[in-house]
Amino acid sequence: MSNVLEVNHLQIQFKIGERYHEAVQDVSFSIRQGETLGLVGESGCGKSVTSLSIMRLLAKGTKISGEVKYGDRDLLKLSESQMRKIRGNEIGMIFQEPMTSLNPVHRIGRQIVESLLLHRGLTGKRAADTAIEMLARVGIPRPEQIAQEYPHQLSGGMRQRVMIAIAMACNPGLLIADEPTTALDVTIQAQILDLMRNLASEHRTSILLITHDLGVVAEMCDRVAVMYAGKIVEQGTVRQIFHNPQHPYTKGLLNSIPKITGERKRLQPIEGNVPSLRNMPQGCRFAPRCPHALDKCRVSAPEFFEIEEEHKSQCWLHA
Amino acid sequence: MSISTPATNQTVTAQERSFVFKVFKSIRQFPMLYLGALIVLALIVCAVFAPEIAHYPYQKQFMDGLTQDGQPHPPNAQFIWGADEVGRDVYSRVIYGSRVSLTVGVFSTAISLLIGTVLGLISGYFGGFIDMVIMRLTDTVLAFPFLIFCMALVAILSPSEKNVLFAIGVLGWGTMARVVRGQVLAVKEFEYVQAARAIGASSWRIMFVALLPNIFGPVMVLAALNVGSNIILESGLSYLGIGVQQPVPSWGNMIAEGLQTYQFAPWMLWAPGIALVIAVLGFNLLADGLRDILDPRNVTR
Amino acid sequence: MSDTLIEVRELRKHFPIRRGVLQRVTGHVRAVDGVGFRVGKGETLGVVGESGCGKSTMGRSILRLIEPTSGTVEFQGKNILNLSKADMQLMRRQMQIVFQDPYASLNPRFTVAKTLMEPMIVHKLHDKATRMSRVKSLLERVGLDPDYAERFPHEFSGGQRQRIGIARALTLNPKLLILDEPVAALDVSVQSQVLNLLKDLQDEFALTYLFIAHDLSVVRHISDRVLVLYLGRMAELADTDSIFSDPLHPYTKALLSAVPIPDPDVRRERIILKGDLPSPANPPKGCPFHTRCPVAAQICREQVPEWREAKQGHFVACHLA
Amino acid sequence: MLSFIIRRLGATVIVLFGISVLTFILIYAIPSDPARIIAGQHASLATIKEIRHNLGLDKPVPIQYIDYMGRLFHGNLGTSFIYNEPVTQLIMSRLGATVELALGCWIAELLIGIPLGIFTARRARKPSDYVVSALALIAMSLPVFWLGLILMYYFGFIHPWFPLGGNSGFTSLILPSLTYGVTGAAVYMRLLKSSMLEVMNQDYIRTARAKGAGENRIIWRHALRNALIPVITYGSIDIGTLLSGVILIEATFNWNGLGMLAYQAIQQSDIPVIMGTVLLTAVLVVLFNLLTDIVYVFVDPRIRYD
């Protein structure tokens with residue numbers, strides 16, 4: 001199967017004060033056609049930054065290096081105008097906050113039409129009809145009427161559907177969903193996840209799903225990459241990660257969440273806090289919180305160790 | 001930071017260096033704040049030490065301040081910024097003029113600040129009917145032609161520095177009250193205010209102990225801007241002759257004199273005008289600098 | 001069953017909607033609409049529901065941070081809703097609250113010591129030295145270094161702030177804690193630290209918890225009994241095991257089935273509810289859930305279902321359950 | 001939407017009432033006796049008493065207020081003590097000049113301020129932004145009357161391109177408008193810049209970028225309209241400042257408008273004229289505020305459907 005997206009040795013640095021700090025370090029992953037890859041991690045682990053860098057939407061002054069290959073093009077090397085032809089056309093994106101992600105002073109219809117105008121050159125009635133068709137496809141009732149309304153008149157779930165309609169308007173090959181259901185209630189989350197799954201399988205769209213919710217990952221993803229403090233610490237198929245986690249962080253995460261089924265027992269938290277960008281630990285970044293840390297871990301950063309096919313983990317314990 | 005050897009001298013110098021370094025870094029980071037503070041400081045020095053800084057008493061008329069045909073003398077060694085139409089030293093008068101500007105600017109703002117903060121706090125915190133009444137009152141005060149109203153009030157009370165100060169202060173609290181109310185409404189939503197209620201703190205305690213320190217920053221920014229605009233306002237009133245009266249110099253009444261003579265003695269326009277601009281600029285810089293410091297986006301830098 | 005600590009009856013909070021030129025009251029948002037339950041000493045009652053179900057308003061009404069419209073709240077047999085200001089002040093020592101957002105719930109201008117001393121100052125308890133030693137012991141108890149007392153909130157991480165918020169609530173030695181989404185804003189790995197801390201504190205100080213949350217797994221983990229709210233009304237109330245293993249109300253069923261399970265091999269029958277939550281300003285007639293209910297019948301559209309005990313200790317408001 | 005406007009209208013009426021009361025109190029507080037002014041220095045006590053009676057000044061204060069309001073509703077603002085002419089007529093003869101001047105000033109502010117605001121927002125943290133922003137800070141600190149004199153000295157006296165004051169046609173409007181425009185534009189510029197920068201950080205701008213919209217499209221189609229909302233608020237405050245601040249411009253440029261009328265009236269204790277001008281200006285300010293509220297409704301749909 002061919003890769004839709006291939007990220008190699010991605011490195012992202014933010015300027016804080018006088019110095020640059022590494023938000024993302026040596027991140028590599030790929031997404032195959034029709035596949036959903038989950039990027040999981042806690043706040044500040046660099047998962048959102050990674051997704052924004054693929055779209056080249058990070059603020060100016062951020063240093064990005066490495067390679068982001070979409071098909072046979074390296075997105076990091078494209079000119080701004082070439083990149084604009086990719087955004088919204090070949091790669092669509094939806095965000096965490098449906099309440100603030102839509103322009104408050106434009107009608108819903110117009111916000112969908114804009115994508116069609118920019119990439120398909122559609123105008124007037126044809127564009128408006130296509131927009132209404134898109135609204136119907138994302139399950140919005142009375143699409144003709146909703147197209148005439150403003151974002152503040154819709155509920156959060158409806159707005160996220162509109163965002164999906166915008167992202168999918170030009171039939172992109174890849175959909176990046178950055179915490180798409182975090183701001184929504186569980187029953188609405190179920191609706192949105194259902195919708196994303198159906199649309200993706202209908203169009204064989206690949207999805208990069210960024211989330212902190214392990215339940216969502218288990219439900220949606222084919223493969224998973226676990227991020228901690230700017231690095232991918234473990235990567236594998238969804239079964240490998242959930243049934244045979246190798247990295248102490250992944251194990252810790254899975255043990256620390258309360259479950260909705262099974263026995264109720266005391267949780268086993270990961271002690272300590274997520275390190276901040278400014279004082280990243282030496283060596284393995286998880287070492288200060290790791291119950292199994294060796295002396296080596298505090299000195300040098302581990303490489304990936306292949307556990308089995310597709311499954312690799314970045315930990316000295318495998319050495 | 002490393003504390004190792006007992007070489008106390010070394011640690012002190014290191015600390016000193018780090019202090020100097022910090023100040024230097026802070027000046028580089030917030031140049032406007034320091035420039036503004038410097039100007040304001042200079043203004044205060046001028047006002048306090050006017051007798052020492054000025055060359056002559058402000059009301060003293062010199063015979064040689066006028067040329068043979070009775071016109072003001074242009075700048076020379078004796079009158080470095082020239083003389084005015086009755087032969088007084090413009091430089092000395094400009095220095096003394098800082099007293100009026102500073103006093104009126106600062107104290108009128110203090111009055112507005114007091115009224116505006118109290119009304120804004122009450123209005124924003126209690127809401128409902130009290131809020132409605134206070135806000136309509138504020139609307140009314142803001143709708144008034146401020147300058148005409150000040151003029152009328154000063155005319156009633158007779159023109160003097162004290163009355164100008166009072167009129168500007170008593171009529172100028174509208175914006176302050178609105179800003180404070182807006183801040184209170186925003187801060188009130190924070191859960192720490194609910195927490196204060198949950199532990200049983202009184203409304204008074206919540207308003208002044210929990211809320212006030214949290215809205216202090218933006219209020220200070222507005223106050224600094226307000227001092228600047230009140231200095232302009234005072235000079236405007238004095239310019240129109242309804243403010244500080246001759247022979248006491250105010251930059252405003254000096255410019256008014258200049259209006260009569262600018263065609264042949266433009267220096268009478270330049271000196272007080274530039275002093276006025278620099279003073280106001282000082283407070284505006286201070287306000288902008290304060291805003292930069294308070295901006296959370298700058299905290300991490 | 002243990003002694004009742006707090007009993008809520010027919011609690012209502014209706015916010016008026018003002019419309020039109022004269023801002024006349026044209027209706028009410030029924031944020032909380034007739035809720036009643038009891039919580040025993042040392043028990044944890046979990047309250048779940050989606051946003052807009054009134055769970056937060058309910059919590060705050062019980063503490064009178066919002067004045068409820070009607071109903072009674074009896075704390076150890078005394079109705080606190082008609083207490084005088086002075087009596088209510090005393091009552092506040094008995095019941096405290098922990099908030100969701102660790103960033104908004106601490107005054108940014110107060111040091112940790114000031115935040116924790118404030119309750120003692122307001123209630124005129126202890127002298128200065130005793131207050132400070134109490135601050136230190138509280139900090140230690142919630143797992144923070146007592147030397148942090150003079151620091152400001154922004155120097156702490158979200159999880160540490162939440163510990164400070166819990167310490168503040170404990171300062172006055174309350175019997176009841178209302179925990180309003182105390183772990184919702186925290187990272188997964190920190191969430192479990194705080195949940196464990198809450199459990200330990202409960203055992204140590206014999207605390208009673210009203211635990212409000214939207215996350216069903218968290219509620220299941222910590223609660224003895226669970227109350228499900230929908231549109232300001234009670235849908236179901238039972239002990240934790242029976243509500244999760246044998247839910248009776250169709251809303252509870254849908255809610256449970258919507259929770260994603262962190263196991264790729266568990267595939268459940270999903271009940272996907274149609275549509276959005278109706279507006280609490282204009283709740284549907286009959287059963288409030290009938291507009292989204294997959295099994296709604298004619299009677300559901302017409303009659304409000306009664307609150308009844310379907311099984312021993314298992315209450316539900318549904319015609320069909 | 002209609003209800004919103006009607007409600008604002010209601011608030012306007014309350015404010016107007018407040019204005020009339022405050023003006024009345026102010027005038028009542030004036031220690032000089034109008035009857036004495038009219039009668040002249042050497043009038044007998046009886047004459048003064050008669051004048052006072054004719055003016056209704058011997059009635060209780062609330063009755064005087066009601067009389068005053070009654071006359072007001074008939075468009076009667078009384079008669080000037082000095083000019084011995086109806087105040088309404090005096091005001092009407094000067095109103096045109098002031099409206100012309102105020103409009104000139106306002107247009108100059110917007111024409112300078114708005115484009116510079118957009119410019120500096122787009123060039124934020126670049127040298128050109130620093131230069132323009134520094135100039136704006138200085139412009140903000142300039143007293144209008146002084147800047148007016150300086151401009152007049154250079155462009156009226158040294159280079160006689162424009163008339164040295166007076167209101168006589170378009171050329172005489174340019175210097176005063178520019179004077180006010182420069183100082184006022186600085187505020188518009190800074191406000192629009194900061195609001196623009198804030199809007200550019202919003203999630204929906206990121207959405208527009210993610211759609212593939214170009215920088216120009218983002219600025220003009222997505223950001224500007226949202227960024228203008230706080231600017232409109234300031235616009236309504238500015239009109240108020242402008243209508244009273246125009247006195248200084250009128251005095252400097254010898255522009256014979258309402259401001260000069262009020263100024264002279266204050267110096268001569270011509271109470272009916274003071275009241276008339278204060279009231280009229282306040283009413284104009286309130287009406288402009290109402291107008292901006294209506295403009296709001298069209299710019300921000302969140303209000304339209306509230």
# chains A, B, ... in the order shown; residues from 1 in each chain; ligands from 1

$ select_by_dssp --residues "range 222-275 of chain B" --states "helix (DSSP H, G or I)" --output "PyMOL selection string"
chain B and resi 222-239+251-261+267-275

$ interface_residues --of "chain D" --to "chain A" --cutoff "8 Å" --atoms "only C-alpha atoms" --output "ChimeraX atom specification"
/D:202-207,209-214,222,225-226,299-302

$ interface_residues --of "chain D" --to "chain C" --cutoff "12 Å" --atoms "only C-alpha atoms" --output "PDB file with all heavy atoms, in the first residue's frame"
ATOM      1  N   MET D   1     -33.769  42.093  16.717  1.00  0.00           N
ATOM      2  CA  MET D   1     -32.973  43.215  16.255  1.00  0.00           C
ATOM      3  C   MET D   1     -33.728  44.517  16.491  1.00  0.00           C
ATOM      4  O   MET D   1     -33.193  45.470  17.054  1.00  0.00           O
ATOM      5  CB  MET D   1     -32.686  43.032  14.765  1.00  0.00           C
ATOM      6  CG  MET D   1     -32.295  44.304  14.066  1.00  0.00           C
ATOM      7  SD  MET D   1     -31.456  43.980  12.536  1.00  0.00           S
ATOM      8  CE  MET D   1     -32.733  44.319  11.359  1.00  0.00           C
ATOM      9  N   LEU D   2     -35.007  44.536  16.130  1.00  0.00           N
ATOM     10  CA  LEU D   2     -35.825  45.726  16.334  1.00  0.00           C
ATOM     11  C   LEU D   2     -35.893  46.035  17.821  1.00  0.00           C
ATOM     12  O   LEU D   2     -35.752  47.192  18.240  1.00  0.00           O
ATOM     13  CB  LEU D   2     -37.234  45.490  15.774  1.00  0.00           C
ATOM     14  CG  LEU D   2     -38.043  46.774  15.606  1.00  0.00           C
ATOM     15  CD1 LEU D   2     -37.402  47.665  14.559  1.00  0.00           C
ATOM     16  CD2 LEU D   2     -39.479  46.456  15.243  1.00  0.00           C
ATOM     17  N   SER D   3     -36.060  44.955  18.603  1.00  0.00           N
ATOM     18  CA  SER D   3     -36.172  45.162  20.039  1.00  0.00           C
ATOM     19  C   SER D   3     -34.872  45.721  20.611  1.00  0.00           C
ATOM     20  O   SER D   3     -34.879  46.552  21.517  1.00  0.00           O
ATOM     21  CB  SER D   3     -36.557  43.848  20.712  1.00  0.00           C
ATOM     22  OG  SER D   3     -35.650  43.482  21.691  1.00  0.00           O
ATOM     23  N   PHE D   4     -33.740  45.299  20.030  1.00  0.00           N
ATOM     24  CA  PHE D   4     -32.451  45.824  20.472  1.00  0.00           C
ATOM     25  C   PHE D   4     -32.382  47.327  20.226  1.00  0.00           C
ATOM     26  O   PHE D   4     -32.008  48.106  21.101  1.00  0.00           O
ATOM     27  CB  PHE D   4     -31.322  45.109  19.709  1.00  0.00           C
ATOM     28  CG  PHE D   4     -29.958  45.726  19.885  1.00  0.00           C
ATOM     29  CD1 PHE D   4     -29.232  45.511  21.040  1.00  0.00           C
ATOM     30  CD2 PHE D   4     -29.416  46.516  18.882  1.00  0.00           C
ATOM     31  CE1 PHE D   4     -27.981  46.081  21.204  1.00  0.00           C
ATOM     32  CE2 PHE D   4     -28.160  47.088  19.039  1.00  0.00           C
ATOM     33  CZ  PHE D   4     -27.443  46.874  20.195  1.00  0.00           C
ATOM     34  N   ILE D   5     -32.809  47.729  19.017  1.00  0.00           N
ATOM     35  CA  ILE D   5     -32.738  49.150  18.688  1.00  0.00           C
ATOM     36  C   ILE D   5     -33.694  49.955  19.562  1.00  0.00           C
ATOM     37  O   ILE D   5     -33.342  51.014  20.084  1.00  0.00           O
ATOM     38  CB  ILE D   5     -33.033  49.363  17.185  1.00  0.00           C
ATOM     39  CG1 ILE D   5     -31.874  48.766  16.377  1.00  0.00           C
ATOM     40  CG2 ILE D   5     -33.201  50.835  16.873  1.00  0.00           C
ATOM     41  CD1 ILE D   5     -32.099  48.764  14.899  1.00  0.00           C
ATOM     42  N   ILE D   6     -34.898  49.413  19.754  1.00  0.00           N
ATOM     43  CA  ILE D   6     -35.865  50.134  20.585  1.00  0.00           C
ATOM     44  C   ILE D   6     -35.342  50.271  22.015  1.00  0.00           C
ATOM     45  O   ILE D   6     -35.486  51.318  22.644  1.00  0.00           O
ATOM     46  CB  ILE D   6     -37.234  49.423  20.559  1.00  0.00           C
ATOM     47  CG1 ILE D   6     -37.834  49.537  19.155  1.00  0.00           C
ATOM     48  CG2 ILE D   6     -38.187  50.033  21.577  1.00  0.00           C
ATOM     49  CD1 ILE D   6     -39.116  48.776  18.975  1.00  0.00           C
ATOM     50  N   ARG D   7     -34.678  49.201  22.490  1.00  0.00           N
ATOM     51  CA  ARG D   7     -34.131  49.271  23.839  1.00  0.00           C
ATOM     52  C   ARG D   7     -33.043  50.331  23.945  1.00  0.00           C
ATOM     53  O   ARG D   7     -32.978  51.085  24.908  1.00  0.00           O
ATOM     54  CB  ARG D   7     -33.580  47.906  24.232  1.00  0.00           C
ATOM     55  CG  ARG D   7     -34.285  47.360  25.446  1.00  0.00           C
ATOM     56  CD  ARG D   7     -33.888  45.949  25.767  1.00  0.00           C
ATOM     57  NE  ARG D   7     -32.468  45.727  25.787  1.00  0.00           N
ATOM     58  CZ  ARG D   7     -31.879  44.730  25.124  1.00  0.00           C
ATOM     59  NH1 ARG D   7     -32.602  43.900  24.397  1.00  0.00           N
ATOM     60  NH2 ARG D   7     -30.588  44.560  25.196  1.00  0.00           N
ATOM     61  N   ARG D   8     -32.204  50.395  22.911  1.00  0.00           N
ATOM     62  CA  ARG D   8     -31.171  51.428  22.911  1.00  0.00           C
ATOM     63  C   ARG D   8     -31.818  52.806  22.881  1.00  0.00           C
ATOM     64  O   ARG D   8     -31.354  53.745  23.503  1.00  0.00           O
ATOM     65  CB  ARG D   8     -30.246  51.271  21.700  1.00  0.00           C
ATOM     66  CG  ARG D   8     -29.423  50.005  21.683  1.00  0.00           C
ATOM     67  CD  ARG D   8     -28.582  49.827  22.913  1.00  0.00           C
ATOM     68  NE  ARG D   8     -27.689  50.968  23.154  1.00  0.00           N
ATOM     69  CZ  ARG D   8     -27.176  51.266  24.325  1.00  0.00           C
ATOM     70  NH1 ARG D   8     -27.470  50.547  25.386  1.00  0.00           N
ATOM     71  NH2 ARG D   8     -26.369  52.302  24.462  1.00  0.00           N
ATOM     72  N   LEU D   9     -32.912  52.899  22.136  1.00  0.00           N
ATOM     73  CA  LEU D   9     -33.653  54.153  22.052  1.00  0.00           C
ATOM     74  C   LEU D   9     -34.149  54.548  23.436  1.00  0.00           C
ATOM     75  O   LEU D   9     -34.077  55.709  23.835  1.00  0.00           O
ATOM     76  CB  LEU D   9     -34.832  53.975  21.092  1.00  0.00           C
ATOM     77  CG  LEU D   9     -35.221  55.174  20.252  1.00  0.00           C
ATOM     78  CD1 LEU D   9     -34.115  55.495  19.265  1.00  0.00           C
ATOM     79  CD2 LEU D   9     -36.514  54.887  19.512  1.00  0.00           C
ATOM     80  N   GLY D  10     -34.656  53.565  24.177  1.00  0.00           N
ATOM     81  CA  GLY D  10     -35.142  53.807  25.536  1.00  0.00           C
ATOM     82  C   GLY D  10     -34.023  54.340  26.418  1.00  0.00           C
ATOM     83  O   GLY D  10     -34.188  55.344  27.119  1.00  0.00           O
ATOM     84  N   ALA D  11     -32.855  53.685  26.337  1.00  0.00           N
ATOM     85  CA  ALA D  11     -31.711  54.135  27.131  1.00  0.00           C
ATOM     86  C   ALA D  11     -31.350  55.554  26.744  1.00  0.00           C
ATOM     87  O   ALA D  11     -31.007  56.387  27.595  1.00  0.00           O
ATOM     88  CB  ALA D  11     -30.526  53.204  26.906  1.00  0.00           C
ATOM     89  N   ASP D 306     -29.820  38.343  18.384  1.00  0.00           N
ATOM     90  CA  ASP D 306     -29.803  38.048  19.816  1.00  0.00           C
ATOM     91  C   ASP D 306     -31.218  37.964  20.385  1.00  0.00           C
ATOM     92  O   ASP D 306     -31.993  38.853  20.243  1.00  0.00           O
ATOM     93  CB  ASP D 306     -29.006  39.118  20.551  1.00  0.00           C
ATOM     94  CG  ASP D 306     -28.420  38.557  21.817  1.00  0.00           C
ATOM     95  OD1 ASP D 306     -28.525  37.334  21.988  1.00  0.00           O
ATOM     96  OD2 ASP D 306     -27.861  39.320  22.608  1.00  0.00           O
TER      97      ASP D 306
END

$ interface_residues --of "chain A" --to "chain C" --cutoff "7 Å" --atoms "only C-alpha atoms" --output "CSV table (one decimal) with C-alpha atoms, in the first residue's frame"
chain,number,residue,atom,x,y,z
A,42,GLU,CA,-0.8,14.7,26.8
A,43,SER,CA,-0.9,18.4,26.5
A,185,ASP,CA,-20.2,15.9,24.9
A,186,VAL,CA,-20.0,12.1,24.7
A,187,THR,CA,-23.2,11.5,22.8
A,190,ALA,CA,-20.1,9.5,19.1
A,191,GLN,CA,-22.0,11.2,16.3
A,214,LEU,CA,-7.1,6.6,24.4
A,215,GLY,CA,-10.7,5.4,24.0
A,216,VAL,CA,-11.1,7.4,20.8
A,218,ALA,CA,-8.8,2.4,20.2
A,219,GLU,CA,-12.1,3.0,18.4
A,238,VAL,CA,-3.6,-0.3,17.5
A,239,ARG,CA,-3.7,-3.9,18.8
A,242,PHE,CA,-3.2,-1.6,23.5
A,253,LEU,CA,-1.0,5.8,30.5
A,256,SER,CA,-3.6,5.3,34.9
A,257,ILE,CA,-7.0,5.8,33.2
A,258,PRO,CA,-10.2,4.7,35.0
A,259,LYS,CA,-12.1,2.1,32.9
A,260,ILE,CA,-15.8,1.9,32.3
A,264,ARG,CA,-12.7,-1.0,40.0
A,267,LEU,CA,-5.3,3.6,39.8
A,269,PRO,CA,-0.7,7.0,38.2
A,270,ILE,CA,2.5,8.1,36.5

$ residues_around --residues "Ser160 in chain B" --least-positions-apart "2" --cutoff "9 Å" --atoms "only C-alpha atoms" --output "PyMOL selection string"
chain B and resi 154+157-158+162-165+242-245

$ closest_atom_pairs --of "chain A" --to "chain B" --cutoff "10 Å" --atoms "only C-alpha atoms" --output "JSON lines"
{"residue": "A:Lys15", "atom": "CA", "partner": "B:Arg301", "partner_atom": "CA", "distance": 9.3}
{"residue": "A:Ile16", "atom": "CA", "partner": "B:Arg301", "partner_atom": "CA", "distance": 6.1}
{"residue": "A:Gly17", "atom": "CA", "partner": "B:Arg301", "partner_atom": "CA", "distance": 4.6}
{"residue": "A:Glu18", "atom": "CA", "partner": "B:Arg301", "partner_atom": "CA", "distance": 8.2}

$ interface_residues --of "chain C" --to "chain B" --cutoff "7 Å" --atoms "only C-alpha atoms" --output "list of chain:residue names"
C:Leu65, C:Gln89, C:Arg92, C:Gln96, C:Phe99, C:Ala104, C:Ser105, C:Leu106, C:Asn107, C:Arg109, C:Pro119, C:Val122

$ write_last_selection --atoms "N, CA and C atoms" --output "CSV table (one decimal), in the first residue's frame"
chain,number,residue,atom,x,y,z
C,65,LEU,N,-24.1,29.4,46.3
C,65,LEU,CA,-23.3,30.4,45.5
C,65,LEU,C,-24.2,31.0,44.5
C,89,GLN,N,-22.9,31.8,57.1
C,89,GLN,CA,-21.4,32.0,57.2
C,89,GLN,C,-20.8,30.8,58.0
C,92,ARG,N,-20.8,27.6,56.1
C,92,ARG,CA,-19.8,27.4,55.1
C,92,ARG,C,-18.6,26.6,55.5
C,96,GLN,N,-17.6,22.7,51.4
C,96,GLN,CA,-16.7,23.5,50.5
C,96,GLN,C,-16.8,22.9,49.1
C,99,PHE,N,-13.1,23.4,42.3
C,99,PHE,CA,-13.6,23.8,40.9
C,99,PHE,C,-12.8,23.0,39.8
C,104,ALA,N,-8.2,29.1,36.7
C,104,ALA,CA,-9.2,30.1,37.1
C,104,ALA,C,-9.6,30.1,38.5
C,105,SER,N,-9.3,29.0,39.2
C,105,SER,CA,-9.8,28.9,40.6
C,105,SER,C,-8.9,29.4,41.6
C,106,LEU,N,-7.7,29.8,41.2
C,106,LEU,CA,-6.8,30.4,42.2
C,106,LEU,C,-6.5,31.8,41.9
C,107,ASN,N,-6.6,32.7,42.9
C,107,ASN,CA,-6.4,34.1,42.6
C,107,ASN,C,-4.9,34.3,42.3
C,109,ARG,N,-3.1,36.8,42.1
C,109,ARG,CA,-2.3,37.8,42.9
C,109,ARG,C,-2.0,37.3,44.4
C,119,PRO,N,-9.5,31.6,54.1
C,119,PRO,CA,-10.6,31.1,54.8
C,119,PRO,C,-10.5,31.3,56.3
C,122,VAL,N,-11.1,35.0,57.1
C,122,VAL,CA,-12.5,35.3,57.0
C,122,VAL,C,-13.3,34.8,58.2

$ interface_residues --of "chain B" --to "chain D" --cutoff "9 Å" --atoms "only C-alpha atoms" --output "ChimeraX atom specification"
/B:136-137,139-149,151-153,155-157,228-229,232-233,235-237,239-240,242,252,255,258-259,262-263,266,269-270,273-274,276-282,284-285

$ atom_distance --atom1 "CA of Arg122 in chain D" --atom2 "CA of Asn216 in chain D"
10.0 Å

$ residues_around --residues "Ala265 in chain B" --least-positions-apart "6" --cutoff "10 Å" --atoms "only C-alpha atoms" --output "NGL selection string"
:B and (71-75 or 82-85 or 258-259)

$ atom_distance --atom1 "CA of Leu175 in chain D" --atom2 "CA of Phe155 in chain D"
8.4 Å

$ closest_residue --among "A:Glu144, A:Asp222, A:Asp74, A:Glu35" --to "Asn8 in chain A" --atoms "only C-alpha atoms"
A:Asp74

$ closest_residue --among "C:Pro68, C:Pro108, C:Gly36, C:Pro247" --to "Arg233 in chain C" --atoms "only C-alpha atoms"
C:Gly36

$ residues_around --residues "Val86 in chain B" --least-positions-apart "3" --cutoff "12 Å" --atoms "only C-alpha atoms" --output "short mmCIF file (atom, residue, chain, number, x, y, z; two decimals) with N, CA and C atoms, in the first residue's frame"
data_model
loop_
_atom_site.label_atom_id
_atom_site.label_comp_id
_atom_site.auth_asym_id
_atom_site.auth_seq_id
_atom_site.Cartn_x
_atom_site.Cartn_y
_atom_site.Cartn_z
N TYR B 58 9.32 83.62 37.48
CA TYR B 58 8.51 83.58 36.25
C TYR B 58 7.81 84.89 35.92
N GLN B 59 7.57 85.72 36.99
CA GLN B 59 6.77 86.93 36.71
C GLN B 59 7.65 88.15 36.44
N LYS B 60 8.99 87.95 36.52
CA LYS B 60 9.86 89.11 36.40
C LYS B 60 9.92 89.62 34.96
N GLN B 61 9.63 90.94 34.80
CA GLN B 61 9.69 91.53 33.46
C GLN B 61 11.01 92.28 33.31
N PHE B 62 11.69 91.96 32.19
CA PHE B 62 12.99 92.58 31.97
C PHE B 62 12.85 93.69 30.94
N MET B 63 13.55 94.80 31.19
CA MET B 63 13.54 95.89 30.21
C MET B 63 14.19 95.42 28.92
N ASP B 64 15.32 94.66 29.08
CA ASP B 64 16.01 94.22 27.87
C ASP B 64 15.37 92.96 27.27
N GLY B 65 14.24 92.56 27.81
CA GLY B 65 13.49 91.45 27.22
C GLY B 65 12.77 91.91 25.96
N LEU B 66 12.66 93.20 25.79
CA LEU B 66 11.99 93.73 24.60
C LEU B 66 13.01 94.43 23.71
N THR B 67 12.80 94.37 22.40
CA THR B 67 13.70 95.05 21.47
C THR B 67 13.33 96.54 21.46
N GLY B 70 9.91 97.49 20.82
CA GLY B 70 8.93 96.97 21.79
C GLY B 70 8.47 95.55 21.54
N GLN B 71 9.26 94.84 20.71
CA GLN B 71 8.85 93.46 20.43
C GLN B 71 9.64 92.48 21.30
N PRO B 72 9.10 91.28 21.52
CA PRO B 72 9.81 90.30 22.35
C PRO B 72 11.19 90.01 21.79
N HIS B 73 12.13 89.81 22.72
CA HIS B 73 13.50 89.58 22.29
C HIS B 73 13.68 88.13 21.86
N GLY B 82 14.34 82.90 24.41
CA GLY B 82 13.69 84.15 24.05
C GLY B 82 12.89 84.74 25.21
N ALA B 83 12.30 85.91 24.93
CA ALA B 83 11.47 86.57 25.93
C ALA B 83 10.05 86.70 25.39
N ASP B 89 11.21 85.92 30.85
CA ASP B 89 12.05 84.88 30.29
C ASP B 89 11.21 83.63 29.98
N VAL B 90 11.16 83.25 28.71
CA VAL B 90 10.32 82.13 28.31
C VAL B 90 10.79 80.83 28.94
N GLN B 246 -2.80 84.56 34.10
CA GLN B 246 -1.55 85.32 34.15
C GLN B 246 -1.44 86.02 35.50
N PRO B 247 -0.29 86.25 36.04
CA PRO B 247 1.00 85.96 35.42
C PRO B 247 1.50 84.55 35.68
N GLU B 257 -0.65 83.23 24.43
CA GLU B 257 0.11 84.46 24.14
C GLU B 257 0.77 84.36 22.77
N THR B 261 1.30 86.49 18.84
CA THR B 261 2.59 87.01 18.40
C THR B 261 3.36 86.09 17.46
N MET B 268 7.83 81.84 20.99
CA MET B 268 6.85 81.79 22.08
C MET B 268 5.87 80.65 21.89
#

$ residues_around --residues "Thr292 in chain D" --least-positions-apart "4" --cutoff "7 Å" --atoms "only C-alpha atoms" --output "NGL selection string"
:D and (232 or 236 or 288 or 296)

$ select_by_dssp --residues "range 8-125 of chain A" --states "strand (DSSP E or B)" --output "PyMOL selection string"
chain A and resi 8-16+19-32+36-40+63-70+73-74+87+91-94
